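**Q** What follows is a single structure, and I will ask about it in a moment.
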Amino acid sequence: MLTRSISLALLLWGIILCGPIQAAGLELPEPLPLLQPPPAERVELGRMLFFDRRLSGDGTMSCAVCHDPQRGYADGRALSGAYPTTRHWRHTQSLINVAYLDVFLWDGRSTSLEEQAEGPIHSSFEMNLHLDFLVEKLRETPGYPELFHAAYQSETTRQTISAALADFQRSLIVRDTPFDAFLAGDSDALSSDARRGLELFYGKAACSRCHSGPLLSDQKFHNTGVGETEELLSDPQRRAARNFFLVQVGLERGERDPGRYAVTRDPADQGAFRTPPLRQVAETAPYMHNGSLATLEEVIAFYNRGGGSDPDKSPLLRPLELTAEEKSALLAFLHSLTGTVPVVRPPALP
Ligand code: HEC
Ligand code: HEC
């Protein structure tokens with residue numbers, strides 16, 4: 001009698017503590033935490049700067065040209081748009097949930113949103129404007145100085161410009177997806193297909209080896225063997241942009257994206273890129289650092305083959321042997337990562 005009630009108690013304890021998800025042997029992350037949003041005046045000033053084309057040399061480019069709110073804050077192109085007369089060499093990243101990241105860009109060469117914001121403004125093939133000149137322009141633009149004072153109790157400086165851009169980006173949060181509802185305990189939030197896909201993501205397909213934690217990114221760098229694209233190898237302007245980058249960071253001109261190696265010079269980091277977070281991924285095609293995979297179906301087929309063919313490819317990748325049904329379940333799971341993108345319209349500018 002005693003042993004029976006103990007085992008009953010153990011069984012109940014198991015059900016209460018572990019619930020149905022862990023019972024299936026999956027290690028799911030905690031829900032994405034709620035962050036304290038920056039003060040409204042800072043977000044508002046940052047929104048203006050984000051849409052203001054006066055932040056570019058010839059007045060044609062703003063952050064929003066490449067990070068389009070209608071396209072999940074990316075630009076929908078394989079290789080990013082660029083400053084007129086130039087062409088870009090990497091794929092535009094989405095800005096959704098950047099508030100949660102500690103390391104930015106495909107190769108992680110920036111470690112704060114404030115620091116990162118300066119990069120595109122002075123880049124020759126993004127916005128092409130000297131930052132000190134931008135400071136003077138904004139100081140002479142009626143309306144802006146007051147807004148900087150109200151938001152930061154400070155003059156317009158490089159620091160307050162990048163702080164405002166960073167604070168605006170911190171407001172671009174998506175955490176109301178069916179997946180998030182499921183993590184928060186709503187076991188009906190996922191369709192049965194998506195639920196099956198989740199089991200594959202955390203199980204047989206082992207996506208969570210790298211797409212781990214609440215963000216679905218370990219924020220680490222892996223070589224998945226994504227190949228160079230013909231366009232990058234043959235377009236003189238794209239070649240020029242890449243070679244300019246390589247020379248700027250002290251590397252040889254070349255035919256290959258060095259990825260994380262550009263930052264660490266560790267040979268093991270050749271061709272390694274930061275694992276992208278995956279919220280809203282269904283709306284930010286094409287994919288990968290060079291946009292070489294056009295659809296999520298192609299991404300799944302890529303992983304099913306065990307990734308690309310690169311001598312430095314991560315040992316974590318191996319052929320998955322997914323059935324057609326499993327592939328579509330994984331796709332349904334990736335679609336369950338879609339939530340509400342904050343509605344942000346171009347503001348009236350000073
Ligand atoms: C010409 C297109 C273009 C413009 C303009 C542009 N970006 Fe980007 N953005 C990119 C590309 C391409 C990347 C990825 C670059 C890389 O990793 O080398 C990127 C990456 C980023 C990232 C990193 C996201 C992540 O997941 O790590 C942030 C943050 C960002 N941009 C913010 C901005 C801000 C703020 C502005 C305006 C000041 C801006 N961008 C203007 C194309 C652009
Ligand atoms: C070895 C670590 C690793 C594993 C395992 C892994 N990924 Fe990735 N994933 C990455 C990295 C790194 C990238 C970016 C690669 C690049 O740009 O060259 C990426 C890119 C992606 C992208 C494109 C996102 C974007 O914004 O461009 C998707 C979608 C994706 N992975 C889904 C999956 C799925 C589904 C699985 C399981 C079948 C999986 N990943 C397994 C590391 C991994």
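Chain lettering (A, B, ...) mirrors the order of the structure tokens, residue numbering begins at 1 for each chain separately, and ligand numbering begins at 1 in order of display.
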Hey, what does DSSP flag as helix (DSSP H, G or I) within region 181-235 of chain A? Can you give it to me as a PyMOL selection string?

**A** chain A and resi 181-183+192-201+207-209+230-234

**Q** Next, the residues of the selection above should be written as a compact mmCIF listing (two decimals), in the first residue's frame with N, CA and C atoms.

**A**
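File again00.txt, as written:
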# COMPACT_ATOMS: atom_id res chain seq x y z
N ALA A 181 3.35 31.51 -27.27
CA ALA A 181 2.17 31.14 -26.48
C ALA A 181 2.32 29.71 -25.97
N PHE A 182 2.85 28.85 -26.82
CA PHE A 182 3.07 27.45 -26.44
C PHE A 182 4.07 27.36 -25.30
N LEU A 183 5.18 28.11 -25.42
CA LEU A 183 6.19 28.10 -24.34
C LEU A 183 5.60 28.60 -23.03
N SER A 192 -1.20 20.88 -35.10
CA SER A 192 -0.54 19.58 -34.86
C SER A 192 0.70 19.44 -35.75
N ASP A 193 0.65 20.03 -36.95
CA ASP A 193 1.83 20.03 -37.83
C ASP A 193 3.00 20.78 -37.19
N ALA A 194 2.71 21.98 -36.68
CA ALA A 194 3.76 22.81 -36.08
C ALA A 194 4.31 22.13 -34.83
N ARG A 195 3.45 21.47 -34.09
CA ARG A 195 3.86 20.75 -32.89
C ARG A 195 4.82 19.60 -33.25
N ARG A 196 4.48 18.92 -34.35
CA ARG A 196 5.36 17.85 -34.86
C ARG A 196 6.70 18.46 -35.31
N GLY A 197 6.61 19.64 -35.96
CA GLY A 197 7.81 20.34 -36.41
C GLY A 197 8.68 20.74 -35.23
N LEU A 198 8.04 21.19 -34.16
CA LEU A 198 8.80 21.56 -32.95
C LEU A 198 9.56 20.35 -32.40
N GLU A 199 8.88 19.20 -32.41
CA GLU A 199 9.56 17.99 -31.92
C GLU A 199 10.78 17.65 -32.78
N LEU A 200 10.66 17.90 -34.10
CA LEU A 200 11.81 17.64 -34.98
C LEU A 200 12.92 18.67 -34.73
N PHE A 201 12.51 19.94 -34.57
CA PHE A 201 13.47 21.04 -34.36
C PHE A 201 14.33 20.77 -33.12
N CYS A 207 18.02 21.14 -34.89
CA CYS A 207 18.21 22.56 -35.19
C CYS A 207 18.61 23.32 -33.93
N SER A 208 18.08 22.87 -32.79
CA SER A 208 18.31 23.58 -31.53
C SER A 208 19.74 23.42 -31.02
N ARG A 209 20.57 22.61 -31.70
CA ARG A 209 22.00 22.61 -31.32
C ARG A 209 22.55 24.03 -31.45
N GLU A 230 27.29 33.16 -57.53
CA GLU A 230 27.86 33.59 -58.80
C GLU A 230 27.91 35.12 -58.87
N GLU A 231 26.84 35.74 -58.40
CA GLU A 231 26.76 37.20 -58.49
C GLU A 231 27.88 37.89 -57.71
N LEU A 232 28.18 37.33 -56.53
CA LEU A 232 29.25 37.93 -55.72
C LEU A 232 30.61 37.72 -56.38
N LEU A 233 30.74 36.60 -57.06
CA LEU A 233 32.04 36.31 -57.68
C LEU A 233 32.24 37.11 -58.97
N SER A 234 31.13 37.47 -59.65
CA SER A 234 31.31 38.06 -60.98
C SER A 234 30.98 39.54 -61.08

**Q** When you look at Phe244 (chain A) with a cut-off of 12 Å (counting only C-alpha atoms), what residues show up, excluding the ones that are within fewer than 5 positions of it in the same chain? I need them as a short mmCIF file (atom, residue, chain, number, x, y, z; two decimals) with all heavy atoms, in the first residue's frame.

**A**
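And here's selection-v1.cif as it stands now:
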data_model
loop_
_atom_site.label_atom_id
_atom_site.label_comp_id
_atom_site.auth_asym_id
_atom_site.auth_seq_id
_atom_site.Cartn_x
_atom_site.Cartn_y
_atom_site.Cartn_z
N THR A 86 26.80 52.24 -55.93
CA THR A 86 27.57 51.13 -55.35
C THR A 86 26.65 49.91 -55.23
O THR A 86 25.44 50.04 -55.38
CB THR A 86 28.11 51.45 -53.94
OG1 THR A 86 27.02 51.40 -53.00
CG2 THR A 86 28.76 52.83 -53.89
N ARG A 87 27.24 48.76 -54.95
CA ARG A 87 26.44 47.56 -54.70
C ARG A 87 26.98 46.86 -53.46
O ARG A 87 28.16 46.94 -53.18
CB ARG A 87 26.47 46.63 -55.91
CG ARG A 87 26.05 47.35 -57.18
CD ARG A 87 25.80 46.40 -58.32
NE ARG A 87 24.42 45.90 -58.25
CZ ARG A 87 23.92 45.00 -59.11
NH1 ARG A 87 24.70 44.47 -60.03
NH2 ARG A 87 22.68 44.62 -59.01
N HIS A 88 26.07 46.21 -52.74
CA HIS A 88 26.43 45.60 -51.44
C HIS A 88 26.89 44.16 -51.63
O HIS A 88 26.69 43.57 -52.67
CB HIS A 88 25.22 45.65 -50.50
CG HIS A 88 25.58 45.80 -49.06
ND1 HIS A 88 26.23 44.80 -48.36
CD2 HIS A 88 25.40 46.81 -48.18
CE1 HIS A 88 26.41 45.20 -47.11
NE2 HIS A 88 25.92 46.43 -46.97
N TRP A 89 27.52 43.62 -50.62
CA TRP A 89 28.03 42.25 -50.71
C TRP A 89 27.45 41.30 -49.68
O TRP A 89 27.78 40.13 -49.66
CB TRP A 89 29.56 42.24 -50.62
CG TRP A 89 30.08 42.64 -49.26
CD1 TRP A 89 29.98 43.85 -48.66
CD2 TRP A 89 30.78 41.79 -48.34
NE1 TRP A 89 30.57 43.83 -47.42
CE2 TRP A 89 31.08 42.59 -47.20
CE3 TRP A 89 31.20 40.47 -48.36
CZ2 TRP A 89 31.76 42.09 -46.10
CZ3 TRP A 89 31.89 39.97 -47.26
CH2 TRP A 89 32.17 40.78 -46.14
N SER A 123 29.46 54.13 -43.84
CA SER A 123 29.89 53.17 -44.85
C SER A 123 29.71 53.72 -46.26
O SER A 123 28.65 54.22 -46.63
CB SER A 123 29.07 51.88 -44.71
OG SER A 123 29.15 51.12 -45.90
N SER A 124 30.75 53.56 -47.09
CA SER A 124 30.73 54.08 -48.46
C SER A 124 29.62 53.47 -49.29
O SER A 124 29.17 54.08 -50.25
CB SER A 124 32.06 53.78 -49.16
OG SER A 124 33.12 54.22 -48.37
N PHE A 125 29.20 52.24 -48.96
CA PHE A 125 28.17 51.63 -49.79
C PHE A 125 26.84 51.45 -49.05
O PHE A 125 25.99 50.68 -49.45
CB PHE A 125 28.66 50.31 -50.43
CG PHE A 125 29.36 49.38 -49.49
CD1 PHE A 125 28.63 48.49 -48.74
CD2 PHE A 125 30.74 49.41 -49.35
CE1 PHE A 125 29.26 47.64 -47.86
CE2 PHE A 125 31.38 48.54 -48.48
CZ PHE A 125 30.64 47.66 -47.73
N PRO A 236 31.51 43.23 -60.66
CA PRO A 236 32.67 44.03 -60.26
C PRO A 236 32.38 44.95 -59.06
O PRO A 236 33.25 45.13 -58.20
CB PRO A 236 32.96 44.88 -61.50
CG PRO A 236 32.26 44.22 -62.63
CD PRO A 236 31.11 43.46 -62.06
N GLN A 237 31.16 45.50 -59.01
CA GLN A 237 30.86 46.41 -57.89
C GLN A 237 30.74 45.66 -56.58
O GLN A 237 31.13 46.16 -55.52
CB GLN A 237 29.57 47.15 -58.18
CG GLN A 237 29.65 47.99 -59.43
CD GLN A 237 28.86 49.24 -59.26
OE1 GLN A 237 29.22 50.08 -58.45
NE2 GLN A 237 27.78 49.35 -59.99
N ARG A 238 30.16 44.49 -56.62
CA ARG A 238 30.06 43.70 -55.38
C ARG A 238 31.45 43.20 -54.98
O ARG A 238 31.79 43.17 -53.79
CB ARG A 238 29.10 42.52 -55.57
CG ARG A 238 27.69 42.96 -55.91
CD ARG A 238 26.68 41.87 -55.56
NE ARG A 238 25.38 42.11 -56.17
CZ ARG A 238 24.44 42.92 -55.69
NH1 ARG A 238 24.65 43.58 -54.56
NH2 ARG A 238 23.28 43.05 -56.30
N ARG A 239 32.24 42.83 -55.97
CA ARG A 239 33.62 42.42 -55.66
C ARG A 239 34.38 43.57 -55.01
O ARG A 239 35.12 43.39 -54.04
CB ARG A 239 34.35 41.99 -56.94
CG ARG A 239 33.83 40.70 -57.56
CD ARG A 239 34.54 40.41 -58.87
NE ARG A 239 35.97 40.20 -58.66
CZ ARG A 239 36.51 39.00 -58.43
NH1 ARG A 239 35.75 37.94 -58.41
NH2 ARG A 239 37.81 38.88 -58.24
N VAL A 249 39.72 45.59 -42.93
CA VAL A 249 39.97 44.82 -41.69
C VAL A 249 41.34 44.16 -41.70
O VAL A 249 41.66 43.38 -40.81
CB VAL A 249 38.86 43.78 -41.40
CG1 VAL A 249 37.50 44.44 -41.25
CG2 VAL A 249 38.81 42.69 -42.48
N GLY A 250 42.14 44.44 -42.74
CA GLY A 250 43.52 43.95 -42.75
C GLY A 250 43.68 42.56 -43.33
O GLY A 250 44.65 41.86 -43.01
N LEU A 251 42.75 42.14 -44.18
CA LEU A 251 42.87 40.82 -44.82
C LEU A 251 43.21 41.01 -46.30
O LEU A 251 43.09 42.09 -46.86
CB LEU A 251 41.56 40.04 -44.69
CG LEU A 251 41.19 39.57 -43.29
CD1 LEU A 251 39.77 38.98 -43.29
CD2 LEU A 251 42.18 38.52 -42.77
N GLU A 252 43.64 39.90 -46.93
CA GLU A 252 43.90 39.89 -48.38
C GLU A 252 42.58 40.02 -49.13
O GLU A 252 41.56 39.48 -48.70
CB GLU A 252 44.52 38.55 -48.77
CG GLU A 252 45.82 38.22 -48.09
CD GLU A 252 46.98 38.89 -48.78
OE1 GLU A 252 47.03 38.82 -50.02
OE2 GLU A 252 47.82 39.50 -48.07
N ARG A 253 42.64 40.70 -50.29
CA ARG A 253 41.48 40.66 -51.19
C ARG A 253 41.20 39.20 -51.52
O ARG A 253 42.12 38.39 -51.57
CB ARG A 253 41.78 41.40 -52.49
CG ARG A 253 42.01 42.87 -52.29
CD ARG A 253 42.35 43.58 -53.59
NE ARG A 253 42.54 45.00 -53.33
CZ ARG A 253 43.68 45.54 -52.91
NH1 ARG A 253 44.75 44.80 -52.74
NH2 ARG A 253 43.74 46.83 -52.66
N GLY A 254 39.91 38.85 -51.77
CA GLY A 254 39.67 37.43 -52.02
C GLY A 254 38.29 37.12 -52.55
O GLY A 254 37.46 37.99 -52.73
#

**Q** Which value, in Å to one decimal, gives the distance between CA of Glu283 (chain A) and atom 17 (O, counted along the ligand's line) of ligand 2?

**A**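 Calculated distance between CA of Glu283 (chain A) and atom 17 (O, counted along the ligand's line) of ligand 2 is 16.3 Å.
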
**Q** State, in Å with one decimal place, the distance from atom 3 (C, counted along the ligand's line) of ligand 2 to CA of Gln219 (chain A).

**A**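 Separation between atom 3 (C, counted along the ligand's line) of ligand 2 and CA of Gln219 (chain A): 10.8 Å.
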
**Q** For Gln159 (chain A), find every residue with an atom within 10 Å (counting only C-alpha atoms), except residues of its own chain fewer than 2 positions away, and show them as a CSV table (one decimal) with all heavy atoms, in the first residue's frame.

**A**
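Generated file (around23.csv):
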chain,number,residue,atom,x,y,z
A,114,GLU,N,24.5,50.6,-30.1
A,114,GLU,CA,24.9,52.0,-30.3
A,114,GLU,C,26.1,52.1,-31.2
A,114,GLU,O,26.2,52.9,-32.2
A,114,GLU,CB,25.3,52.6,-28.9
A,114,GLU,CG,24.1,53.1,-28.1
A,114,GLU,CD,23.5,51.9,-27.3
A,114,GLU,OE1,23.9,50.8,-27.5
A,114,GLU,OE2,22.5,52.2,-26.6
A,115,GLU,N,27.1,51.2,-31.0
A,115,GLU,CA,28.3,51.2,-31.8
A,115,GLU,C,27.9,50.8,-33.2
A,115,GLU,O,28.4,51.4,-34.2
A,115,GLU,CB,29.2,50.2,-31.2
A,115,GLU,CG,30.5,50.0,-32.0
A,115,GLU,CD,31.1,48.6,-31.8
A,115,GLU,OE1,30.7,47.8,-30.9
A,115,GLU,OE2,32.0,48.2,-32.6
A,117,ALA,N,25.2,51.3,-34.9
A,117,ALA,CA,24.4,52.3,-35.6
A,117,ALA,C,25.3,53.3,-36.4
A,117,ALA,O,24.9,53.8,-37.4
A,117,ALA,CB,23.5,53.1,-34.7
A,118,GLU,N,26.6,53.5,-36.0
A,118,GLU,CA,27.5,54.4,-36.7
A,118,GLU,C,27.9,53.8,-38.0
A,118,GLU,O,28.2,54.5,-38.9
A,118,GLU,CB,28.7,54.8,-35.8
A,118,GLU,CG,28.3,55.6,-34.6
A,118,GLU,CD,29.5,56.3,-34.0
A,118,GLU,OE1,30.7,56.0,-34.4
A,118,GLU,OE2,29.3,57.2,-33.1
A,135,VAL,N,26.4,65.4,-37.4
A,135,VAL,CA,26.2,66.1,-36.2
A,135,VAL,C,25.9,67.6,-36.5
A,135,VAL,O,24.9,68.2,-36.0
A,135,VAL,CB,27.4,66.0,-35.2
A,135,VAL,CG1,27.2,66.9,-34.0
A,135,VAL,CG2,27.5,64.5,-34.8
A,154,SER,N,20.6,66.5,-23.6
A,154,SER,CA,22.0,66.7,-24.1
A,154,SER,C,21.9,67.3,-25.5
A,154,SER,O,20.9,67.3,-26.2
A,154,SER,CB,22.7,65.3,-24.2
A,154,SER,OG,23.7,65.3,-25.2
A,155,GLU,N,23.0,67.8,-25.9
A,155,GLU,CA,23.2,68.3,-27.3
A,155,GLU,C,23.1,67.1,-28.3
A,155,GLU,O,23.2,66.0,-27.9
A,155,GLU,CB,24.5,68.9,-27.4
A,155,GLU,CG,24.9,69.8,-26.3
A,155,GLU,CD,25.2,71.2,-26.8
A,155,GLU,OE1,26.3,71.4,-27.3
A,155,GLU,OE2,24.2,72.0,-26.7
A,156,THR,N,23.1,67.5,-29.6
A,156,THR,CA,23.2,66.5,-30.6
A,156,THR,C,24.7,66.2,-30.8
A,156,THR,O,25.5,67.0,-31.1
A,156,THR,CB,22.6,67.1,-31.9
A,156,THR,OG1,21.3,67.6,-31.7
A,156,THR,CG2,22.6,66.0,-33.0
A,157,THR,N,25.0,64.9,-30.5
A,157,THR,CA,26.4,64.4,-30.7
A,157,THR,C,26.3,63.1,-31.4
A,157,THR,O,25.2,62.5,-31.5
A,157,THR,CB,27.0,64.2,-29.3
A,157,THR,OG1,26.3,63.2,-28.6
A,157,THR,CG2,27.0,65.5,-28.4
A,161,ILE,N,23.0,60.6,-31.2
A,161,ILE,CA,22.5,60.0,-32.5
A,161,ILE,C,22.4,58.5,-32.4
A,161,ILE,O,21.4,57.9,-32.7
A,161,ILE,CB,23.3,60.5,-33.7
A,161,ILE,CG1,23.2,62.0,-33.9
A,161,ILE,CG2,22.8,59.8,-35.0
A,161,ILE,CD1,24.1,62.6,-34.9
A,162,SER,N,23.5,57.9,-32.1
A,162,SER,CA,23.5,56.4,-32.1
A,162,SER,C,22.7,55.9,-31.0
A,162,SER,O,22.0,54.8,-31.1
A,162,SER,CB,24.9,55.8,-32.1
A,162,SER,OG,25.7,56.4,-31.1
A,163,ALA,N,22.6,56.6,-29.8
A,163,ALA,CA,21.8,56.1,-28.7
A,163,ALA,C,20.3,56.1,-29.2
A,163,ALA,O,19.6,55.2,-28.9
A,163,ALA,CB,21.9,57.0,-27.5
A,164,ALA,N,19.9,57.2,-29.9
A,164,ALA,CA,18.5,57.2,-30.3
A,164,ALA,C,18.1,56.1,-31.3
A,164,ALA,O,17.1,55.5,-31.2
A,164,ALA,CB,18.2,58.6,-30.9

**Q** Given the choices A:Asp186, A:Glu146, A:Asp132, A:Asp269, which gets closest to ligand 2 if the distance is worked out from only C-alpha atoms and all ligand atoms?

**A**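 Closest to ligand 2, using only C-alpha atoms and all ligand atoms: A:Asp269.
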
**Q** Please report, as a ChimeraX atom specification, each residue of region 135-347 of chain A to which DSSP assigns strand (DSSP E or B) when run on this structure's backbone.

**A** /A:221-222,259,272-274,287,293

**Q** Include all heavy atoms and write out the residues we just selected as a PDB file, in the first residue's frame.

**A**
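New file again-v6.pdb:
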ATOM      1  N   PHE A 221      28.977  31.279 -33.559  1.00  0.00           N
ATOM      2  CA  PHE A 221      29.318  31.321 -34.977  1.00  0.00           C
ATOM      3  C   PHE A 221      29.586  29.916 -35.494  1.00  0.00           C
ATOM      4  O   PHE A 221      30.336  29.161 -34.879  1.00  0.00           O
ATOM      5  CB  PHE A 221      30.545  32.231 -35.176  1.00  0.00           C
ATOM      6  CG  PHE A 221      30.270  33.620 -34.663  1.00  0.00           C
ATOM      7  CD1 PHE A 221      30.428  33.926 -33.315  1.00  0.00           C
ATOM      8  CD2 PHE A 221      29.772  34.598 -35.509  1.00  0.00           C
ATOM      9  CE1 PHE A 221      30.114  35.190 -32.821  1.00  0.00           C
ATOM     10  CE2 PHE A 221      29.454  35.868 -35.036  1.00  0.00           C
ATOM     11  CZ  PHE A 221      29.633  36.156 -33.685  1.00  0.00           C
ATOM     12  N   HIS A 222      28.936  29.596 -36.607  1.00  0.00           N
ATOM     13  CA  HIS A 222      29.072  28.255 -37.171  1.00  0.00           C
ATOM     14  C   HIS A 222      29.224  28.349 -38.683  1.00  0.00           C
ATOM     15  O   HIS A 222      28.614  29.207 -39.316  1.00  0.00           O
ATOM     16  CB  HIS A 222      27.836  27.402 -36.865  1.00  0.00           C
ATOM     17  CG  HIS A 222      27.479  27.352 -35.411  1.00  0.00           C
ATOM     18  ND1 HIS A 222      28.035  26.442 -34.543  1.00  0.00           N
ATOM     19  CD2 HIS A 222      26.640  28.105 -34.664  1.00  0.00           C
ATOM     20  CE1 HIS A 222      27.536  26.631 -33.329  1.00  0.00           C
ATOM     21  NE2 HIS A 222      26.686  27.643 -33.376  1.00  0.00           N
ATOM     22  N   GLY A 259      33.637  35.533 -42.956  1.00  0.00           N
ATOM     23  CA  GLY A 259      32.766  35.370 -41.793  1.00  0.00           C
ATOM     24  C   GLY A 259      33.477  35.796 -40.521  1.00  0.00           C
ATOM     25  O   GLY A 259      34.210  36.781 -40.492  1.00  0.00           O
ATOM     26  N   ALA A 272      32.368  31.098 -40.812  1.00  0.00           N
ATOM     27  CA  ALA A 272      31.376  30.935 -39.746  1.00  0.00           C
ATOM     28  C   ALA A 272      30.585  32.234 -39.569  1.00  0.00           C
ATOM     29  O   ALA A 272      31.157  33.321 -39.586  1.00  0.00           O
ATOM     30  CB  ALA A 272      32.062  30.552 -38.433  1.00  0.00           C
ATOM     31  N   PHE A 273      29.267  32.087 -39.386  1.00  0.00           N
ATOM     32  CA  PHE A 273      28.393  33.247 -39.231  1.00  0.00           C
ATOM     33  C   PHE A 273      27.554  33.077 -37.988  1.00  0.00           C
ATOM     34  O   PHE A 273      27.329  31.953 -37.529  1.00  0.00           O
ATOM     35  CB  PHE A 273      27.504  33.399 -40.477  1.00  0.00           C
ATOM     36  CG  PHE A 273      28.319  33.664 -41.718  1.00  0.00           C
ATOM     37  CD1 PHE A 273      28.786  32.609 -42.490  1.00  0.00           C
ATOM     38  CD2 PHE A 273      28.690  34.949 -42.052  1.00  0.00           C
ATOM     39  CE1 PHE A 273      29.588  32.840 -43.607  1.00  0.00           C
ATOM     40  CE2 PHE A 273      29.483  35.191 -43.165  1.00  0.00           C
ATOM     41  CZ  PHE A 273      29.934  34.149 -43.943  1.00  0.00           C
ATOM     42  N   ARG A 274      27.071  34.218 -37.464  1.00  0.00           N
ATOM     43  CA  ARG A 274      26.254  34.139 -36.251  1.00  0.00           C
ATOM     44  C   ARG A 274      24.921  33.464 -36.569  1.00  0.00           C
ATOM     45  O   ARG A 274      24.267  33.791 -37.541  1.00  0.00           O
ATOM     46  CB  ARG A 274      25.984  35.545 -35.699  1.00  0.00           C
ATOM     47  CG  ARG A 274      25.366  35.519 -34.302  1.00  0.00           C
ATOM     48  CD  ARG A 274      24.681  36.831 -33.950  1.00  0.00           C
ATOM     49  NE  ARG A 274      23.523  37.030 -34.804  1.00  0.00           N
ATOM     50  CZ  ARG A 274      22.991  38.202 -35.091  1.00  0.00           C
ATOM     51  NH1 ARG A 274      23.505  39.297 -34.589  1.00  0.00           N
ATOM     52  NH2 ARG A 274      21.935  38.303 -35.881  1.00  0.00           N
ATOM     53  N   TYR A 287      17.354  33.993 -47.590  1.00  0.00           N
ATOM     54  CA  TYR A 287      18.047  33.631 -46.349  1.00  0.00           C
ATOM     55  C   TYR A 287      19.562  33.493 -46.493  1.00  0.00           C
ATOM     56  O   TYR A 287      20.081  33.353 -47.594  1.00  0.00           O
ATOM     57  CB  TYR A 287      17.461  32.303 -45.836  1.00  0.00           C
ATOM     58  CG  TYR A 287      15.970  32.437 -45.615  1.00  0.00           C
ATOM     59  CD1 TYR A 287      15.061  31.894 -46.512  1.00  0.00           C
ATOM     60  CD2 TYR A 287      15.483  33.200 -44.550  1.00  0.00           C
ATOM     61  CE1 TYR A 287      13.689  32.068 -46.332  1.00  0.00           C
ATOM     62  CE2 TYR A 287      14.113  33.374 -44.370  1.00  0.00           C
ATOM     63  CZ  TYR A 287      13.232  32.808 -45.258  1.00  0.00           C
ATOM     64  OH  TYR A 287      11.882  32.997 -45.082  1.00  0.00           O
ATOM     65  N   LEU A 293      19.740  31.271 -50.375  1.00  0.00           N
ATOM     66  CA  LEU A 293      18.609  30.343 -50.319  1.00  0.00           C
ATOM     67  C   LEU A 293      17.321  31.169 -50.355  1.00  0.00           C
ATOM     68  O   LEU A 293      17.099  32.029 -49.503  1.00  0.00           O
ATOM     69  CB  LEU A 293      18.679  29.474 -49.066  1.00  0.00           C
ATOM     70  CG  LEU A 293      19.938  28.584 -48.958  1.00  0.00           C
ATOM     71  CD1 LEU A 293      19.895  27.744 -47.682  1.00  0.00           C
ATOM     72  CD2 LEU A 293      20.111  27.687 -50.180  1.00  0.00           C
TER      73      LEU A 293
END

**Q** With distances taken over only C-alpha atoms, which residue among A:Ala99, A:Met48, A:Ala205, A:Leu215 lies nearest Gly307 (chain A)?

**A**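 Smallest separation from Gly307 (chain A) among the options: A:Ala205.
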
**Q** What are the nearest atom pairs, with distances in Å to one decimal, for all residues of chain A that come at most 7 Å from ligand 2, using only C-alpha atoms and all ligand atoms, set out by chain and rising residue number as CSV?

**A**
residue,atom,partner,partner_atom_place_in_ligand_line,distance
A:Gln93,CA,ligand 2,26 (O),6.7
A:Trp106,CA,ligand 2,17 (O),6.9
A:Phe201,CA,ligand 2,37 (C),5.9
A:Ala205,CA,ligand 2,38 (C),4.9
A:Ala206,CA,ligand 2,37 (C),5.7
A:Cys207,CA,ligand 2,37 (C),3.3
A:Ser208,CA,ligand 2,5 (C),6.5
A:Arg209,CA,ligand 2,5 (C),5.2
A:Cys210,CA,ligand 2,2 (C),4.3
A:His211,CA,ligand 2,7 (N),6.0
A:Phe221,CA,ligand 2,12 (C),5.7
A:His222,CA,ligand 2,12 (C),4.4
A:Asn223,CA,ligand 2,12 (C),5.9
A:Thr224,CA,ligand 2,15 (C),5.8
A:Gly225,CA,ligand 2,18 (O),6.9
A:Val226,CA,ligand 2,18 (O),5.0
A:Ala272,CA,ligand 2,12 (C),6.3
A:Phe273,CA,ligand 2,12 (C),4.7
A:Arg274,CA,ligand 2,12 (C),5.0
A:Thr275,CA,ligand 2,12 (C),4.0
A:Pro276,CA,ligand 2,24 (C),5.3
A:Leu278,CA,ligand 2,24 (C),6.3
A:Val281,CA,ligand 2,26 (O),6.0
A:Thr284,CA,ligand 2,26 (O),6.6
A:Pro286,CA,ligand 2,27 (O),6.7
A:Tyr287,CA,ligand 2,27 (O),3.4
A:Met288,CA,ligand 2,17 (O),3.4
A:His289,CA,ligand 2,17 (O),3.6
A:Asn290,CA,ligand 2,17 (O),6.6
A:Leu296,CA,ligand 2,29 (C),6.0
A:Val299,CA,ligand 2,29 (C),5.9
A:Ile300,CA,ligand 2,35 (C),5.7
A:Tyr303,CA,ligand 2,38 (C),5.1
A:Asn304,CA,ligand 2,38 (C),6.6
A:Ser314,CA,ligand 2,1 (C),5.5
A:Leu316,CA,ligand 2,1 (C),5.0
A:Leu317,CA,ligand 2,5 (C),5.5
A:Leu330,CA,ligand 2,35 (C),6.6

**Q** Taking only C-alpha atoms and all ligand atoms into account, which of A:Ala74, A:Leu49, A:Ala40, A:Leu105 comes nearest ligand 1?

**A**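 With only C-alpha atoms and all ligand atoms as the atom set, the closest residue is A:Leu105.
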
**Q** Taking only C-alpha atoms and all ligand atoms into account, name the residue in A:Pro350, A:Pro29, A:Gly308, A:Pro277 that is nearest to ligand 1.

**A** A:Pro277
